[in-house]
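Q: This structure is in structure tokens; I'll ask about it shortly.
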Amino acid sequence: MCTSHEHGSEHAQAGAGRRSFLRATALLGAAATAGVALPGVAEAAAHSRWRPDTDSRRFTLAVMPDTQYLFDGPSIDKAPVEASLRYLLDHGKDENLVFLSHLGDLTQNGAAAEVAAISEAFELLDRRGVGYSVLAGNHDVKSSTDDQRGSTPYLDAFGPDRFRGKSTYSGASSDGYNTFHLFKAAGREWMVLALDWRLSAKGYAWAKDVLAQHPKTPVILTTHELVVEDDTLSAYGQQLWDQLIEDHDQIFLTLNGHYWPAGRATRENAAGHDVHLHLTNYQNRYFGGAAMIRLYRFDLDRNVIDVETVSPWILGRAGRGLNELERQEIELSGDADRFTVEVDFAERFSGFDPVPARAERPVSRLLIPGTVAYWRFESAAKDTVRDLSGRGNDLSLVTVGGGTLGWSADHHPDQPGHGSLEFQGYKSPLKGAYLRTVDGAPLNSATFKAGYTIEAFYRLPADWDPSHHAWSGIVSRTGTGGAAGKTGDDPDEPLATLSLSNDREPQWAMRPLNQQGIATNWGQETPLETWWHLAVVNDGRHTTLYVEGCPVVRNPKATSIGIASVGLPWLLGGYEYGGKIDQILHGRLGDVRIVERALPVTSFMTH
């Protein structure tokens, strides 16, 4: 939800554009490849600690798969790995990078010299305190062993001692080959569970104990082998699924390397939720994959994970000219390399960490200074609905063609009152029921010269049909422009209406005191079966329409003062044309409030 005009700045910061990424990495990688120092970039920033924005609802998890061919006996080349790590250092703030996971097979033979070389590369992250995990692949240790194998050069370099003191490191199995890491992002705790090439019985018991100790933490499981190709798990991957993943609903995403080409699988766990299982490995491609990295960009507002695969090292060489094979690898854009995963995070995590419903708020909290009318619907509407502001703007029920007005406990998640009225309007023949302010209500003659805020919650059902339901009013003022002496545009239009177009666009169309014609604010199409909050705010000079707290694009710049009146009632759920009821809302209407001053977004009913 938008909370201010500046809300978009967070989004801009947390997700760097693709073009800016390419430009930045081209400069960065060219310098690194040429062996030139990087003044003012990663090394110069070594004194600056890594501090992701832990509250932003957009963040990035980086993944680096098999780098083994870059560290193979006498053939050791750290440049590609360092280019990728330098990118993460240099652009961690733009990406809101929270963590990096290596998926194993750091080296080809697990030899001390190979391990020492890649260990030195990872010191780039150590110096900045960046949170990351590694795990052993079958080339880093003896492949016939499990996590009880004892000491190895890999463990000496990347065992628990390396990570102690890091803010994200949270523990290891007693053998040292399995670790778990906790980081904060989007205002909550997340876990990366980094598991060895082969789990022993002790390893499984340790992993289950870690999950039990963090029962409300969503988990990303990383290991070297799991998915073998699209929709298929390896034999060991199936074992991991059967013994650990399937019965632990917290595990929503798994990442592995080992096999190629890249692939994905989705399995339903014992709780009935999808688990996304991803294979990423590019060692079969030019230059052993050139230390390509996957960027998993989480966006909890859009409920997606956007995935991109890039090699900063190859991109960086573009400035010096690429060879034929590099040109093929400069960007990976296939379906297996660049895709979006849809995850309704609140729903997916509801089984182990349900989001508590927002409590109903007392009426007194909504009666802020300037409130002239407040209606909420906690039960079915009878003949009269009281104005809870105490200003006497009660509503009376009007039925047309034998129509009825129902009640539902359904409501917008941020609505103060927990109920809504069920309007069942129909255009031809006209049928339904609506509410109107009683005769003599103070609201009927109010002109709001100093400004106003009108708020309402609504939801349209799946059977909403523009041919029968378009242009119904959510909140409207009766009396025509002609009756008020306002002859510009159509004189039979009402003096004010917050309506829904045939494309379900909210529209505020009204006659200001200072104009003959109609001033109109337009919103965008609002999908069916979704609750929406609308707010029309006039500061005495200009009017702005907000949808879910976000200003719409078509807000007129012309001066608009007050709302013309001929002393006739306001309607909820009804719309008049030519002085007669013309359309009735088909949908649910929640709390409605009118305040005789401009409110900031932070004072809307959603807050």
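Residues in the structure tokens are named by chain (A, B, ... in the order shown) and by number from 1 within that chain; ligands are numbered from 1 in the order shown.
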Would you return as a PDB file with N, CA, C and O atoms, in the first residue's frame the members of segment 298-535 of chain A that DSSP assigns to helix (DSSP H, G or I) on this structure's backbone?

A:
```
ATOM      1  N   PRO A 312      28.867 -10.795 -14.031  1.00  0.00           N
ATOM      2  CA  PRO A 312      29.537  -9.493 -14.039  1.00  0.00           C
ATOM      3  C   PRO A 312      30.885  -9.534 -14.741  1.00  0.00           C
ATOM      4  O   PRO A 312      31.297  -8.548 -15.353  1.00  0.00           O
ATOM      5  N   TRP A 313      31.567 -10.686 -14.684  1.00  0.00           N
ATOM      6  CA  TRP A 313      32.892 -10.765 -15.316  1.00  0.00           C
ATOM      7  C   TRP A 313      32.784 -10.636 -16.834  1.00  0.00           C
ATOM      8  O   TRP A 313      33.492  -9.857 -17.457  1.00  0.00           O
ATOM      9  N   ILE A 314      31.845 -11.367 -17.441  1.00  0.00           N
ATOM     10  CA  ILE A 314      31.686 -11.269 -18.894  1.00  0.00           C
ATOM     11  C   ILE A 314      31.129  -9.902 -19.284  1.00  0.00           C
ATOM     12  O   ILE A 314      31.585  -9.280 -20.240  1.00  0.00           O
ATOM     13  N   LEU A 315      30.161  -9.425 -18.543  1.00  0.00           N
ATOM     14  CA  LEU A 315      29.617  -8.102 -18.836  1.00  0.00           C
ATOM     15  C   LEU A 315      30.697  -7.041 -18.731  1.00  0.00           C
ATOM     16  O   LEU A 315      30.746  -6.087 -19.527  1.00  0.00           O
ATOM     17  N   GLY A 316      31.579  -7.215 -17.782  1.00  0.00           N
ATOM     18  CA  GLY A 316      32.643  -6.249 -17.585  1.00  0.00           C
ATOM     19  C   GLY A 316      33.649  -6.207 -18.715  1.00  0.00           C
ATOM     20  O   GLY A 316      34.298  -5.183 -18.949  1.00  0.00           O
ATOM     21  N   ARG A 317      33.786  -7.300 -19.426  1.00  0.00           N
ATOM     22  CA  ARG A 317      34.741  -7.350 -20.529  1.00  0.00           C
ATOM     23  C   ARG A 317      34.191  -6.700 -21.802  1.00  0.00           C
ATOM     24  O   ARG A 317      34.919  -6.531 -22.785  1.00  0.00           O
ATOM     25  N   ALA A 318      32.910  -6.361 -21.785  1.00  0.00           N
ATOM     26  CA  ALA A 318      32.285  -5.824 -22.993  1.00  0.00           C
ATOM     27  C   ALA A 318      32.966  -4.556 -23.470  1.00  0.00           C
ATOM     28  O   ALA A 318      33.048  -4.291 -24.671  1.00  0.00           O
ATOM     29  N   GLY A 319      33.459  -3.761 -22.542  1.00  0.00           N
ATOM     30  CA  GLY A 319      34.111  -2.520 -22.925  1.00  0.00           C
ATOM     31  C   GLY A 319      35.400  -2.724 -23.702  1.00  0.00           C
ATOM     32  O   GLY A 319      35.858  -1.821 -24.412  1.00  0.00           O
ATOM     33  N   ARG A 320      35.982  -3.914 -23.592  1.00  0.00           N
ATOM     34  CA  ARG A 320      37.248  -4.200 -24.287  1.00  0.00           C
ATOM     35  C   ARG A 320      37.029  -5.081 -25.514  1.00  0.00           C
ATOM     36  O   ARG A 320      37.973  -5.433 -26.206  1.00  0.00           O
ATOM     37  N   GLU A 324      33.826 -14.549 -29.417  1.00  0.00           N
ATOM     38  CA  GLU A 324      32.582 -15.113 -29.937  1.00  0.00           C
ATOM     39  C   GLU A 324      31.785 -15.830 -28.860  1.00  0.00           C
ATOM     40  O   GLU A 324      30.551 -15.696 -28.772  1.00  0.00           O
ATOM     41  N   LEU A 325      32.433 -16.586 -28.009  1.00  0.00           N
ATOM     42  CA  LEU A 325      31.723 -17.321 -26.970  1.00  0.00           C
ATOM     43  C   LEU A 325      31.214 -16.399 -25.873  1.00  0.00           C
ATOM     44  O   LEU A 325      30.134 -16.630 -25.313  1.00  0.00           O
ATOM     45  N   GLU A 326      31.972 -15.365 -25.558  1.00  0.00           N
ATOM     46  CA  GLU A 326      31.510 -14.412 -24.548  1.00  0.00           C
ATOM     47  C   GLU A 326      30.248 -13.699 -25.008  1.00  0.00           C
ATOM     48  O   GLU A 326      29.348 -13.427 -24.204  1.00  0.00           O
ATOM     49  N   ARG A 327      30.169 -13.398 -26.317  1.00  0.00           N
ATOM     50  CA  ARG A 327      28.986 -12.707 -26.821  1.00  0.00           C
ATOM     51  C   ARG A 327      27.729 -13.560 -26.629  1.00  0.00           C
ATOM     52  O   ARG A 327      26.631 -13.029 -26.425  1.00  0.00           O
ATOM     53  N   GLN A 328      27.883 -14.865 -26.662  1.00  0.00           N
ATOM     54  CA  GLN A 328      26.736 -15.744 -26.446  1.00  0.00           C
ATOM     55  C   GLN A 328      26.306 -15.796 -24.979  1.00  0.00           C
ATOM     56  O   GLN A 328      25.170 -16.152 -24.671  1.00  0.00           O
ATOM     57  N   GLU A 329      27.231 -15.440 -24.104  1.00  0.00           N
ATOM     58  CA  GLU A 329      26.971 -15.578 -22.674  1.00  0.00           C
ATOM     59  C   GLU A 329      26.709 -14.253 -21.977  1.00  0.00           C
ATOM     60  O   GLU A 329      26.461 -14.235 -20.768  1.00  0.00           O
ATOM     61  N   PHE A 345       3.033 -14.516  -0.239  1.00  0.00           N
ATOM     62  CA  PHE A 345       3.847 -14.813   0.939  1.00  0.00           C
ATOM     63  C   PHE A 345       3.008 -14.979   2.199  1.00  0.00           C
ATOM     64  O   PHE A 345       3.247 -15.892   2.997  1.00  0.00           O
ATOM     65  N   ALA A 346       2.021 -14.111   2.397  1.00  0.00           N
ATOM     66  CA  ALA A 346       1.191 -14.221   3.606  1.00  0.00           C
ATOM     67  C   ALA A 346       0.450 -15.549   3.624  1.00  0.00           C
ATOM     68  O   ALA A 346       0.398 -16.231   4.653  1.00  0.00           O
ATOM     69  N   GLU A 347      -0.103 -15.936   2.488  1.00  0.00           N
ATOM     70  CA  GLU A 347      -0.828 -17.197   2.412  1.00  0.00           C
ATOM     71  C   GLU A 347       0.126 -18.385   2.543  1.00  0.00           C
ATOM     72  O   GLU A 347      -0.164 -19.359   3.240  1.00  0.00           O
ATOM     73  N   ARG A 348       1.272 -18.294   1.855  1.00  0.00           N
ATOM     74  CA  ARG A 348       2.231 -19.409   1.889  1.00  0.00           C
ATOM     75  C   ARG A 348       2.762 -19.654   3.290  1.00  0.00           C
ATOM     76  O   ARG A 348       3.013 -20.804   3.685  1.00  0.00           O
ATOM     77  N   VAL A 363     -14.969   3.254  17.325  1.00  0.00           N
ATOM     78  CA  VAL A 363     -15.477   4.418  16.587  1.00  0.00           C
ATOM     79  C   VAL A 363     -14.756   5.690  17.006  1.00  0.00           C
ATOM     80  O   VAL A 363     -14.432   6.542  16.168  1.00  0.00           O
ATOM     81  N   SER A 364     -14.460   5.820  18.280  1.00  0.00           N
ATOM     82  CA  SER A 364     -13.847   7.055  18.787  1.00  0.00           C
ATOM     83  C   SER A 364     -12.528   7.384  18.104  1.00  0.00           C
ATOM     84  O   SER A 364     -12.179   8.553  17.934  1.00  0.00           O
ATOM     85  N   ARG A 365     -11.793   6.367  17.685  1.00  0.00           N
ATOM     86  CA  ARG A 365     -10.506   6.604  17.031  1.00  0.00           C
ATOM     87  C   ARG A 365     -10.678   7.172  15.633  1.00  0.00           C
ATOM     88  O   ARG A 365      -9.759   7.757  15.078  1.00  0.00           O
ATOM     89  N   LEU A 366     -11.847   6.974  15.043  1.00  0.00           N
ATOM     90  CA  LEU A 366     -12.094   7.453  13.685  1.00  0.00           C
ATOM     91  C   LEU A 366     -12.691   8.857  13.658  1.00  0.00           C
ATOM     92  O   LEU A 366     -12.736   9.492  12.604  1.00  0.00           O
ATOM     93  N   PRO A 442     -27.383  18.029   8.182  1.00  0.00           N
ATOM     94  CA  PRO A 442     -26.447  19.146   7.936  1.00  0.00           C
ATOM     95  C   PRO A 442     -25.582  18.918   6.693  1.00  0.00           C
ATOM     96  O   PRO A 442     -25.205  19.881   6.015  1.00  0.00           O
ATOM     97  N   LEU A 443     -25.273  17.664   6.400  1.00  0.00           N
ATOM     98  CA  LEU A 443     -24.417  17.363   5.254  1.00  0.00           C
ATOM     99  C   LEU A 443     -25.042  17.813   3.939  1.00  0.00           C
ATOM    100  O   LEU A 443     -24.337  18.161   2.981  1.00  0.00           O
ATOM    101  N   ASN A 444     -26.369  17.835   3.880  1.00  0.00           N
ATOM    102  CA  ASN A 444     -27.053  18.152   2.634  1.00  0.00           C
ATOM    103  C   ASN A 444     -26.727  19.553   2.117  1.00  0.00           C
ATOM    104  O   ASN A 444     -26.706  19.781   0.906  1.00  0.00           O
ATOM    105  N   SER A 445     -26.477  20.472   3.008  1.00  0.00           N
ATOM    106  CA  SER A 445     -26.220  21.859   2.598  1.00  0.00           C
ATOM    107  C   SER A 445     -24.747  22.249   2.694  1.00  0.00           C
ATOM    108  O   SER A 445     -24.379  23.366   2.328  1.00  0.00           O
ATOM    109  N   PRO A 466     -20.447  -4.790 -16.717  1.00  0.00           N
ATOM    110  CA  PRO A 466     -20.594  -3.367 -17.063  1.00  0.00           C
ATOM    111  C   PRO A 466     -21.908  -3.042 -17.744  1.00  0.00           C
ATOM    112  O   PRO A 466     -22.420  -1.922 -17.598  1.00  0.00           O
ATOM    113  N   SER A 467     -22.493  -3.985 -18.471  1.00  0.00           N
ATOM    114  CA  SER A 467     -23.750  -3.691 -19.151  1.00  0.00           C
ATOM    115  C   SER A 467     -24.908  -3.524 -18.178  1.00  0.00           C
ATOM    116  O   SER A 467     -25.927  -2.910 -18.512  1.00  0.00           O
ATOM    117  N   HIS A 468     -24.766  -4.033 -16.964  1.00  0.00           N
ATOM    118  CA  HIS A 468     -25.835  -3.930 -15.965  1.00  0.00           C
ATOM    119  C   HIS A 468     -25.445  -3.124 -14.731  1.00  0.00           C
ATOM    120  O   HIS A 468     -26.330  -2.684 -13.983  1.00  0.00           O
ATOM    121  N   HIS A 469     -24.141  -2.918 -14.511  1.00  0.00           N
ATOM    122  CA  HIS A 469     -23.705  -2.377 -13.218  1.00  0.00           C
ATOM    123  C   HIS A 469     -22.807  -1.144 -13.304  1.00  0.00           C
ATOM    124  O   HIS A 469     -22.458  -0.570 -12.271  1.00  0.00           O
TER     125      HIS A 469
END
```

Q: Segment 247-319 of chain A near segment 60-65 of chain A within 8 Å: what's each residue's closest atom pair and its distance in Å to one decimal, counting only C-alpha atoms, ordered by chain then ascending residue number, as a tab-separated table?

A:
```
residue	atom	partner	partner_atom	distance
A:Asn256	CA	A:Pro65	CA	7.6
A:Gly257	CA	A:Pro65	CA	5.6
A:Thr280	CA	A:Pro65	CA	6.4
A:Asn281	CA	A:Pro65	CA	5.4
A:Tyr282	CA	A:Pro65	CA	7.4
A:Ala291	CA	A:Met64	CA	6.8
A:Met292	CA	A:Met64	CA	6.5
A:Ile293	CA	A:Met64	CA	4.7
A:Arg294	CA	A:Val63	CA	4.9
A:Leu295	CA	A:Ala62	CA	4.7
A:Tyr296	CA	A:Leu61	CA	5.0
A:Arg297	CA	A:Thr60	CA	4.4
A:Phe298	CA	A:Thr60	CA	6.0
```

Q: Please produce a file of those selected residues containing all heavy atoms, as a short mmCIF file (atom, residue, chain, number, x, y, z; two decimals), in the first residue's frame.

A:
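Result file is out31.cif:
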```cif
data_model
loop_
_atom_site.label_atom_id
_atom_site.label_comp_id
_atom_site.auth_asym_id
_atom_site.auth_seq_id
_atom_site.Cartn_x
_atom_site.Cartn_y
_atom_site.Cartn_z
N ASN A 256 19.80 -25.58 -5.60
CA ASN A 256 20.91 -26.52 -5.72
C ASN A 256 21.63 -26.36 -7.05
O ASN A 256 21.12 -25.74 -7.99
CB ASN A 256 20.42 -27.96 -5.57
CG ASN A 256 19.66 -28.49 -6.76
OD1 ASN A 256 18.45 -28.25 -6.89
ND2 ASN A 256 20.33 -29.24 -7.63
N GLY A 257 22.84 -26.91 -7.12
CA GLY A 257 23.63 -26.93 -8.34
C GLY A 257 23.83 -28.37 -8.79
O GLY A 257 22.90 -29.15 -8.88
N THR A 280 20.33 -24.46 -10.42
CA THR A 280 21.09 -23.45 -11.17
C THR A 280 22.54 -23.88 -11.22
O THR A 280 23.18 -24.08 -10.19
CB THR A 280 20.94 -22.05 -10.54
OG1 THR A 280 21.78 -21.13 -11.22
CG2 THR A 280 21.28 -22.05 -9.06
N ASN A 281 23.05 -24.04 -12.44
CA ASN A 281 24.45 -24.44 -12.62
C ASN A 281 24.85 -24.12 -14.06
O ASN A 281 24.14 -24.48 -15.00
CB ASN A 281 24.63 -25.93 -12.34
CG ASN A 281 26.09 -26.34 -12.44
OD1 ASN A 281 26.99 -25.51 -12.49
ND2 ASN A 281 26.32 -27.65 -12.47
N TYR A 282 26.00 -23.44 -14.21
CA TYR A 282 26.44 -23.02 -15.54
C TYR A 282 27.88 -23.43 -15.83
O TYR A 282 28.52 -22.88 -16.70
CB TYR A 282 26.27 -21.50 -15.67
CG TYR A 282 24.83 -21.09 -15.51
CD1 TYR A 282 24.35 -20.65 -14.27
CD2 TYR A 282 23.94 -21.21 -16.56
CE1 TYR A 282 23.01 -20.32 -14.11
CE2 TYR A 282 22.60 -20.89 -16.41
CZ TYR A 282 22.15 -20.44 -15.18
OH TYR A 282 20.83 -20.13 -15.03
N ALA A 291 31.56 -17.73 -13.11
CA ALA A 291 31.05 -17.30 -11.79
C ALA A 291 29.74 -16.54 -11.90
O ALA A 291 29.51 -15.54 -11.22
CB ALA A 291 32.09 -16.48 -11.03
N MET A 292 28.87 -17.03 -12.78
CA MET A 292 27.55 -16.40 -12.91
C MET A 292 26.84 -16.41 -11.57
O MET A 292 27.00 -17.33 -10.77
CB MET A 292 26.71 -17.13 -13.95
CG MET A 292 27.13 -16.87 -15.37
SD MET A 292 25.98 -17.63 -16.53
CE MET A 292 26.78 -17.18 -18.08
N ILE A 293 26.03 -15.40 -11.38
CA ILE A 293 25.23 -15.33 -10.16
C ILE A 293 23.76 -15.21 -10.53
O ILE A 293 23.40 -14.63 -11.54
CB ILE A 293 25.64 -14.15 -9.25
CG1 ILE A 293 25.63 -12.82 -10.01
CG2 ILE A 293 26.98 -14.41 -8.59
CD1 ILE A 293 25.89 -11.62 -9.13
N ARG A 294 22.94 -15.80 -9.67
CA ARG A 294 21.50 -15.64 -9.75
C ARG A 294 21.10 -14.57 -8.74
O ARG A 294 21.52 -14.60 -7.59
CB ARG A 294 20.80 -16.94 -9.38
CG ARG A 294 20.63 -17.93 -10.51
CD ARG A 294 19.30 -17.69 -11.24
NE ARG A 294 19.12 -18.69 -12.29
CZ ARG A 294 18.43 -19.81 -12.12
NH1 ARG A 294 17.92 -20.10 -10.93
NH2 ARG A 294 18.27 -20.63 -13.13
N LEU A 295 20.25 -13.65 -9.17
CA LEU A 295 19.70 -12.65 -8.28
C LEU A 295 18.22 -12.96 -8.07
O LEU A 295 17.42 -12.89 -9.00
CB LEU A 295 19.88 -11.25 -8.87
CG LEU A 295 21.33 -10.83 -9.11
CD1 LEU A 295 21.39 -9.49 -9.83
CD2 LEU A 295 22.10 -10.76 -7.80
N TYR A 296 17.88 -13.33 -6.85
CA TYR A 296 16.49 -13.59 -6.47
C TYR A 296 15.95 -12.33 -5.81
O TYR A 296 16.25 -12.04 -4.66
CB TYR A 296 16.42 -14.78 -5.51
CG TYR A 296 16.51 -16.13 -6.19
CD1 TYR A 296 17.72 -16.59 -6.71
CD2 TYR A 296 15.38 -16.92 -6.34
CE1 TYR A 296 17.80 -17.82 -7.35
CE2 TYR A 296 15.45 -18.17 -6.99
CZ TYR A 296 16.66 -18.59 -7.49
OH TYR A 296 16.74 -19.81 -8.12
N ARG A 297 15.17 -11.58 -6.58
CA ARG A 297 14.64 -10.30 -6.10
C ARG A 297 13.24 -10.52 -5.53
O ARG A 297 12.27 -10.67 -6.27
CB ARG A 297 14.63 -9.27 -7.22
CG ARG A 297 16.03 -8.91 -7.73
CD ARG A 297 15.95 -7.80 -8.76
NE ARG A 297 17.28 -7.37 -9.16
CZ ARG A 297 17.83 -7.60 -10.35
NH1 ARG A 297 17.14 -8.30 -11.27
NH2 ARG A 297 19.02 -7.16 -10.65
N PHE A 298 13.13 -10.53 -4.23
CA PHE A 298 11.86 -10.72 -3.54
C PHE A 298 11.10 -9.39 -3.52
O PHE A 298 11.68 -8.35 -3.20
CB PHE A 298 12.09 -11.17 -2.10
CG PHE A 298 12.57 -12.59 -1.95
CD1 PHE A 298 13.83 -12.98 -2.38
CD2 PHE A 298 11.76 -13.54 -1.35
CE1 PHE A 298 14.28 -14.27 -2.23
CE2 PHE A 298 12.19 -14.85 -1.20
CZ PHE A 298 13.46 -15.22 -1.64
#
```

Q: Would you mind listing, for every residue of segment 515-539 of chain A within 6 Å of segment 549-572 of chain A, the two atoms forming the shortest contact and the distance between them in Å to one decimal, using only C-alpha atoms, sorted by chain and ascending residue number, as JSON lines?

A:
```
{"residue": "A:Asn521", "atom": "CA", "partner": "A:Asn555", "partner_atom": "CA", "distance": 5.0}
{"residue": "A:Trp522", "atom": "CA", "partner": "A:Arg554", "partner_atom": "CA", "distance": 5.3}
{"residue": "A:Gly523", "atom": "CA", "partner": "A:Val552", "partner_atom": "CA", "distance": 5.4}
```

Q: Write down as a ChimeraX atom specification the residues belonging to segment 50-131 of chain A that are assigned strand (DSSP E or B) by DSSP computed on the backbone.

A: /A:58-64,71-72,75-76,97-102

Q: Next, the residues of the selection above should be written as a short mmCIF file (atom, residue, chain, number, x, y, z; two decimals), in the first residue's frame with N, CA, C and O atoms.

A:
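Wrote it out as selection29.cif, contents follow:
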```cif
data_model
loop_
_atom_site.label_atom_id
_atom_site.label_comp_id
_atom_site.auth_asym_id
_atom_site.auth_seq_id
_atom_site.Cartn_x
_atom_site.Cartn_y
_atom_site.Cartn_z
N ARG A 58 11.24 -5.05 -0.53
CA ARG A 58 11.97 -5.55 -1.69
C ARG A 58 13.41 -5.82 -1.26
O ARG A 58 14.07 -4.96 -0.68
N PHE A 59 13.89 -7.02 -1.53
CA PHE A 59 15.25 -7.36 -1.17
C PHE A 59 15.76 -8.45 -2.11
O PHE A 59 14.98 -9.08 -2.84
N THR A 60 17.07 -8.66 -2.10
CA THR A 60 17.69 -9.59 -3.05
C THR A 60 18.55 -10.61 -2.33
O THR A 60 19.35 -10.26 -1.46
N LEU A 61 18.37 -11.86 -2.71
CA LEU A 61 19.23 -12.95 -2.29
C LEU A 61 20.05 -13.36 -3.51
O LEU A 61 19.49 -13.65 -4.57
N ALA A 62 21.37 -13.35 -3.39
CA ALA A 62 22.25 -13.73 -4.49
C ALA A 62 22.66 -15.19 -4.33
O ALA A 62 22.87 -15.68 -3.21
N VAL A 63 22.78 -15.88 -5.46
CA VAL A 63 23.15 -17.29 -5.47
C VAL A 63 24.29 -17.50 -6.44
O VAL A 63 24.23 -17.03 -7.58
N MET A 64 25.34 -18.20 -6.01
CA MET A 64 26.47 -18.53 -6.88
C MET A 64 26.60 -20.05 -6.93
O MET A 64 26.87 -20.68 -5.90
N PHE A 71 38.84 -23.25 -10.29
CA PHE A 71 39.78 -23.62 -9.23
C PHE A 71 40.12 -25.11 -9.39
O PHE A 71 39.66 -25.96 -8.64
N ASP A 72 40.93 -25.39 -10.43
CA ASP A 72 41.22 -26.77 -10.81
C ASP A 72 42.73 -26.96 -10.94
O ASP A 72 43.33 -26.64 -11.97
N SER A 75 45.15 -24.70 -12.80
CA SER A 75 44.31 -23.75 -13.53
C SER A 75 43.41 -23.01 -12.55
O SER A 75 42.27 -23.42 -12.31
N ILE A 76 43.93 -21.98 -11.96
CA ILE A 76 43.18 -21.20 -10.98
C ILE A 76 43.03 -19.77 -11.50
O ILE A 76 44.01 -19.13 -11.86
N LEU A 97 20.71 -6.07 -1.11
CA LEU A 97 21.22 -7.43 -0.96
C LEU A 97 21.23 -7.83 0.50
O LEU A 97 21.83 -7.15 1.33
N VAL A 98 20.58 -8.94 0.81
CA VAL A 98 20.53 -9.40 2.20
C VAL A 98 21.42 -10.60 2.46
O VAL A 98 21.81 -10.84 3.61
N PHE A 99 21.79 -11.36 1.38
CA PHE A 99 22.54 -12.59 1.64
C PHE A 99 23.04 -13.16 0.31
O PHE A 99 22.47 -12.91 -0.74
N LEU A 100 24.14 -13.94 0.40
CA LEU A 100 24.66 -14.69 -0.75
C LEU A 100 24.79 -16.15 -0.35
O LEU A 100 25.32 -16.46 0.72
N SER A 101 24.35 -17.05 -1.22
CA SER A 101 24.50 -18.49 -0.99
C SER A 101 25.30 -19.12 -2.12
O SER A 101 24.92 -19.00 -3.28
N HIS A 102 26.41 -19.78 -1.76
CA HIS A 102 27.15 -20.59 -2.74
C HIS A 102 26.61 -22.01 -2.63
O HIS A 102 26.38 -22.52 -1.53
#
```

Q: What is the distance, in Å and to one decimal place, between atom CA of Val601 of chain A and atom CA of Thr530 of chain A?

A: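 It comes out at 20.7 Å.
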
Q: Excluding segment 380-387 of chain A and residues on its chain fewer than 2 positions from it, collect all residues at most 12 Å away from it, counting only C-alpha atoms, and give them as a ChimeraX atom specification.

A: /A:363,367,371-378,389-399,404-409,419-423,433-438,441-443,572,589,591-594

Q: Identify which of the residues A:Lys202, A:Thr222, A:Val210, A:Asp77 lies closest to Val134 of chain A, counting only C-alpha atoms when measuring atom-to-atom distances.

A: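 Using only C-alpha atoms, the shortest distance to Val134 of chain A belongs to A:Thr222.
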
Q: Determine the nearest neighbour of Pro153 of chain A from the options A:Lys431, A:Lys208, A:His139, A:Arg128, counting only C-alpha atoms.

A: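 Between A:Lys431, A:Lys208, A:His139, A:Arg128, the residue approaching Pro153 of chain A most closely is A:His139.
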
Q: Write out as a PyMOL selection string each polymer residue whose atoms come within 12 Å of Leu155 of chain A, counting only C-alpha atoms; drop sequence neighbours fewer than 4 positions from it.

A: chain A and resi 110-112+115-116+119+134-137+140-141+147-151+159-163+172+175-179+196

Q: Measuring between only C-alpha atoms, which one of A:Gly481, A:Gly425, A:Gly129, A:Pro80 shows the shortest distance to Gln515 of chain A?

A: A:Gly481

Q: For a quick check of understanding, using only C-alpha atoms, which of A:Ile474, A:Ala484, A:Val536, A:Ala290 has the smallest distance to Val595 of chain A?

A: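 Looking only at the distances to Val595 of chain A, the closest residue turns out to be A:Val536.
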
Q: Pick out the residues sitting within 7 Å of segment 224-227 of chain A, and hand them over as a ChimeraX atom specification; count only C-alpha atoms, and ignore anything fewer than 2 positions along from it in its own chain.

A: /A:103-104,137,197,229,232-234,236-237,256-258,277-279

Q: Suppose you want the space between atom CA of Phe287 of chain A and atom CA of Tyr69 of chain A; what is it in Å?

A: 7.9 Å

Q: Which residues are near Asp492 of chain A? Cut-off 6 Å, only C-alpha atoms, ignore same chain within fewer than 3 positions. Put them as a PDB file with all heavy atoms, in the first residue's frame.

A:
```
ATOM      1  N   THR A 480     -29.033  18.391  -9.489  1.00  0.00           N
ATOM      2  CA  THR A 480     -28.342  18.487 -10.768  1.00  0.00           C
ATOM      3  C   THR A 480     -27.560  19.786 -10.898  1.00  0.00           C
ATOM      4  O   THR A 480     -27.810  20.761 -10.182  1.00  0.00           O
ATOM      5  CB  THR A 480     -29.349  18.406 -11.921  1.00  0.00           C
ATOM      6  OG1 THR A 480     -30.211  19.569 -11.872  1.00  0.00           O
ATOM      7  CG2 THR A 480     -30.182  17.133 -11.835  1.00  0.00           C
ATOM      8  N   TYR A 577     -29.534  10.658 -12.062  1.00  0.00           N
ATOM      9  CA  TYR A 577     -29.318  11.422 -13.289  1.00  0.00           C
ATOM     10  C   TYR A 577     -30.632  12.120 -13.617  1.00  0.00           C
ATOM     11  O   TYR A 577     -31.705  11.496 -13.606  1.00  0.00           O
ATOM     12  CB  TYR A 577     -28.917  10.508 -14.450  1.00  0.00           C
ATOM     13  CG  TYR A 577     -28.666  11.264 -15.730  1.00  0.00           C
ATOM     14  CD1 TYR A 577     -27.480  11.961 -15.928  1.00  0.00           C
ATOM     15  CD2 TYR A 577     -29.646  11.310 -16.735  1.00  0.00           C
ATOM     16  CE1 TYR A 577     -27.262  12.668 -17.100  1.00  0.00           C
ATOM     17  CE2 TYR A 577     -29.427  12.013 -17.903  1.00  0.00           C
ATOM     18  CZ  TYR A 577     -28.234  12.702 -18.086  1.00  0.00           C
ATOM     19  OH  TYR A 577     -28.021  13.422 -19.236  1.00  0.00           O
ATOM     20  N   GLY A 578     -30.531  13.400 -13.875  1.00  0.00           N
ATOM     21  CA  GLY A 578     -31.733  14.178 -14.145  1.00  0.00           C
ATOM     22  C   GLY A 578     -32.668  14.237 -12.956  1.00  0.00           C
ATOM     23  O   GLY A 578     -33.885  14.394 -13.118  1.00  0.00           O
TER      24      GLY A 578
END
```
